[in-house]
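Only one structure is covered here, and it is reproduced in the block below.
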Amino acid sequence: MKTHIKQELMKNLEGKSLGRMGYVICIIKVDEHHVNTGIIDYQTGCVTVNARYSAILLRPFKNEVIDARVTVVNELGFYTEAGPLTIFVSRHAMPPDLLEGYDRDVEAWISDDKEVEIRQRCIVRLRLLGVMTDTKQITAVGTIKDDYLGLISMGY
């Protein structure tokens, strides 16, 4: 019975957003001493069981610095992903040398001195300006305007 409860927890919770609690990456263990006997709902026949478990969560915070992979580049900015977290970096949240550097032909943000080139699949370090949690997903807005932020690797 307890193995079935653990399998159901893994099936129903892993890969799901728990709102403000974060995004469940994986369930590590279910504490078997804290799985109580269930309560039967006589109308539906379903059983409700309280269980205590340990899990790894992704819970991003405002001003947290994260490394992420660029997925989409357009003239408004670029989108990145860090696991299940999607982050948008606006053109106004980029350093001044990148402000006019969008190249439509190669779909990349290129600096004035041509040293920095942000395109798909490259890795950037960014700071989260705001985090929005939903029941289905977690999204954020970030910046690469501060010191020590920006392009880390080209990621080819």
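Letters for chains follow the order of the structure tokens (A, B, ...), residue numbers begin at 1 for each chain, and ligand numbers begin at 1 in the order shown.
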
Secondary structure check, strand (DSSP E or B) residues of chain A, as a PyMOL selection string: chain A and resi 17+23-31+39-40+47-48+52-58+65-74+77-82+85-90+102-103+108-110+117-118+123-133+138-143+150-153

Using only C-alpha atoms, please write the residues we just selected to a file, as a short mmCIF file (atom, residue, chain, number, x, y, z; two decimals), in the first residue's frame.
```
data_model
loop_
_atom_site.label_atom_id
_atom_site.label_comp_id
_atom_site.auth_asym_id
_atom_site.auth_seq_id
_atom_site.Cartn_x
_atom_site.Cartn_y
_atom_site.Cartn_z
CA SER A 17 4.12 23.69 -10.09
CA TYR A 23 8.22 23.58 -9.00
CA VAL A 24 8.63 19.93 -7.96
CA ILE A 25 11.73 18.52 -9.64
CA CYS A 26 11.58 15.11 -7.94
CA ILE A 27 10.33 13.39 -4.81
CA ILE A 28 13.24 11.99 -2.82
CA LYS A 29 11.49 9.89 -0.20
CA VAL A 30 8.16 9.27 1.44
CA ASP A 31 8.33 9.00 5.23
CA ILE A 39 -10.35 8.29 4.93
CA ILE A 40 -12.89 6.85 2.48
CA VAL A 47 -9.44 7.36 -0.35
CA THR A 48 -7.69 10.44 1.06
CA ARG A 52 4.87 13.40 4.60
CA TYR A 53 7.51 13.43 1.87
CA SER A 54 10.79 15.12 0.94
CA ALA A 55 11.20 16.71 -2.48
CA ILE A 56 13.61 18.84 -4.49
CA LEU A 57 11.93 22.09 -5.55
CA LEU A 58 12.88 24.90 -7.90
CA VAL A 65 21.47 35.16 -10.18
CA ILE A 66 20.91 32.21 -12.53
CA ASP A 67 22.71 30.70 -15.51
CA ALA A 68 20.28 29.92 -18.33
CA ARG A 69 20.26 28.75 -21.96
CA VAL A 70 18.91 31.15 -24.61
CA THR A 71 15.98 29.63 -26.52
CA VAL A 72 14.41 32.47 -28.54
CA VAL A 73 15.98 35.72 -29.78
CA ASN A 74 13.94 38.57 -31.27
CA GLY A 77 14.89 40.81 -26.25
CA PHE A 78 15.45 37.10 -25.69
CA TYR A 79 13.95 34.18 -23.79
CA THR A 80 16.00 31.77 -21.71
CA GLU A 81 15.28 28.54 -19.86
CA ALA A 82 16.75 27.27 -16.61
CA LEU A 85 11.77 28.24 -15.50
CA THR A 86 11.28 30.54 -18.53
CA ILE A 87 12.95 33.96 -18.25
CA PHE A 88 12.51 36.97 -20.56
CA VAL A 89 15.28 39.58 -20.86
CA SER A 90 14.06 42.81 -22.47
CA TYR A 102 19.93 43.24 -32.82
CA ASP A 103 20.88 41.66 -36.14
CA ALA A 108 21.39 37.61 -32.48
CA TRP A 109 22.16 40.54 -30.18
CA ILE A 110 25.68 41.73 -31.07
CA GLU A 117 27.02 37.77 -29.47
CA ILE A 118 23.85 36.47 -27.79
CA ILE A 123 24.54 30.39 -21.96
CA VAL A 124 23.97 33.70 -20.15
CA ARG A 125 24.19 34.68 -16.49
CA LEU A 126 21.30 36.91 -15.45
CA ARG A 127 19.63 38.38 -12.39
CA LEU A 128 15.91 37.90 -11.84
CA LEU A 129 13.95 41.16 -11.59
CA GLY A 130 10.58 39.56 -10.96
CA VAL A 131 9.11 36.07 -10.62
CA MET A 132 5.53 35.14 -11.52
CA THR A 133 4.15 31.87 -10.19
CA ILE A 138 6.85 29.64 -13.26
CA THR A 139 8.05 32.56 -15.39
CA ALA A 140 10.40 35.45 -14.68
CA VAL A 141 11.84 38.67 -16.06
CA GLY A 142 15.60 39.15 -15.90
CA THR A 143 18.45 41.52 -16.64
CA GLY A 150 25.87 38.46 -19.56
CA LEU A 151 27.28 35.93 -21.98
CA ILE A 152 29.10 32.96 -20.39
CA SER A 153 29.57 30.58 -23.34
#
```

Counting only C-alpha atoms, the option among A:Leu13, A:Leu149, A:Val49, A:Val106 closest to A:Met1: A:Val49

Computed interatomic separation between atom CA of A:Pro95 and atom CA of A:Cys122 (Å):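 Interatomic distance here is 17.2 Å.
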
Atom-to-atom span, atom CA of A:Gly19 and atom CA of A:His34, Å: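 Those two atoms sit 24.0 Å apart.
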
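Going from atom CA of A:Asp134 over to atom CA of A:Val35, you cover 28.6 Å.
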
Those of chain A in DSSP helix (DSSP H, G or I), formatted as a PyMOL selection string: chain A and resi 2-13+19-21+32-34+91-93+96-98

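Residues with any atom within 12 Å of A:Pro96, counting only C-alpha atoms and excluding same-chain neighbours fewer than 5 positions away, are Arg91, Gly101, Trp109, Ile110, Ser111, Asp112, Asp113, Ile144, Lys145 and Asp146 of chain A.
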
Kindly export the residues of the current selection with N, CA, C and O atoms, as a CSV table (one decimal), in the first residue's frame.
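Once everything was written out, this is out13.csv:
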```
chain,number,residue,atom,x,y,z
A,91,ARG,N,15.2,44.2,-24.1
A,91,ARG,CA,16.3,45.0,-24.7
A,91,ARG,C,16.6,46.1,-23.7
A,91,ARG,O,17.8,46.6,-23.7
A,101,GLY,N,21.9,46.6,-31.0
A,101,GLY,CA,22.7,45.5,-31.6
A,101,GLY,C,22.0,44.3,-32.1
A,101,GLY,O,22.6,43.3,-32.3
A,109,TRP,N,21.8,39.2,-30.7
A,109,TRP,CA,22.2,40.5,-30.2
A,109,TRP,C,23.7,40.6,-30.2
A,109,TRP,O,24.3,39.8,-29.5
A,110,ILE,N,24.2,41.6,-30.9
A,110,ILE,CA,25.7,41.7,-31.1
A,110,ILE,C,26.1,43.1,-30.5
A,110,ILE,O,25.5,44.1,-30.8
A,111,SER,N,27.2,43.1,-29.7
A,111,SER,CA,27.6,44.3,-29.1
A,111,SER,C,28.3,45.2,-30.1
A,111,SER,O,28.7,44.8,-31.2
A,112,ASP,N,28.5,46.5,-29.7
A,112,ASP,CA,29.1,47.4,-30.6
A,112,ASP,C,30.5,47.0,-31.1
A,112,ASP,O,30.9,47.2,-32.2
A,113,ASP,N,31.3,46.4,-30.1
A,113,ASP,CA,32.7,46.0,-30.4
A,113,ASP,C,32.7,44.6,-31.0
A,113,ASP,O,33.8,44.0,-31.2
A,144,ILE,N,20.6,41.5,-17.7
A,144,ILE,CA,22.0,41.3,-17.9
A,144,ILE,C,22.8,42.6,-17.8
A,144,ILE,O,24.0,42.6,-18.3
A,145,LYS,N,22.2,43.6,-17.2
A,145,LYS,CA,22.8,44.9,-17.2
A,145,LYS,C,23.8,45.2,-16.2
A,145,LYS,O,24.6,46.1,-16.3
A,146,ASP,N,23.9,44.4,-15.1
A,146,ASP,CA,24.8,44.6,-14.0
A,146,ASP,C,26.1,44.0,-14.3
A,146,ASP,O,26.4,43.2,-15.2
```
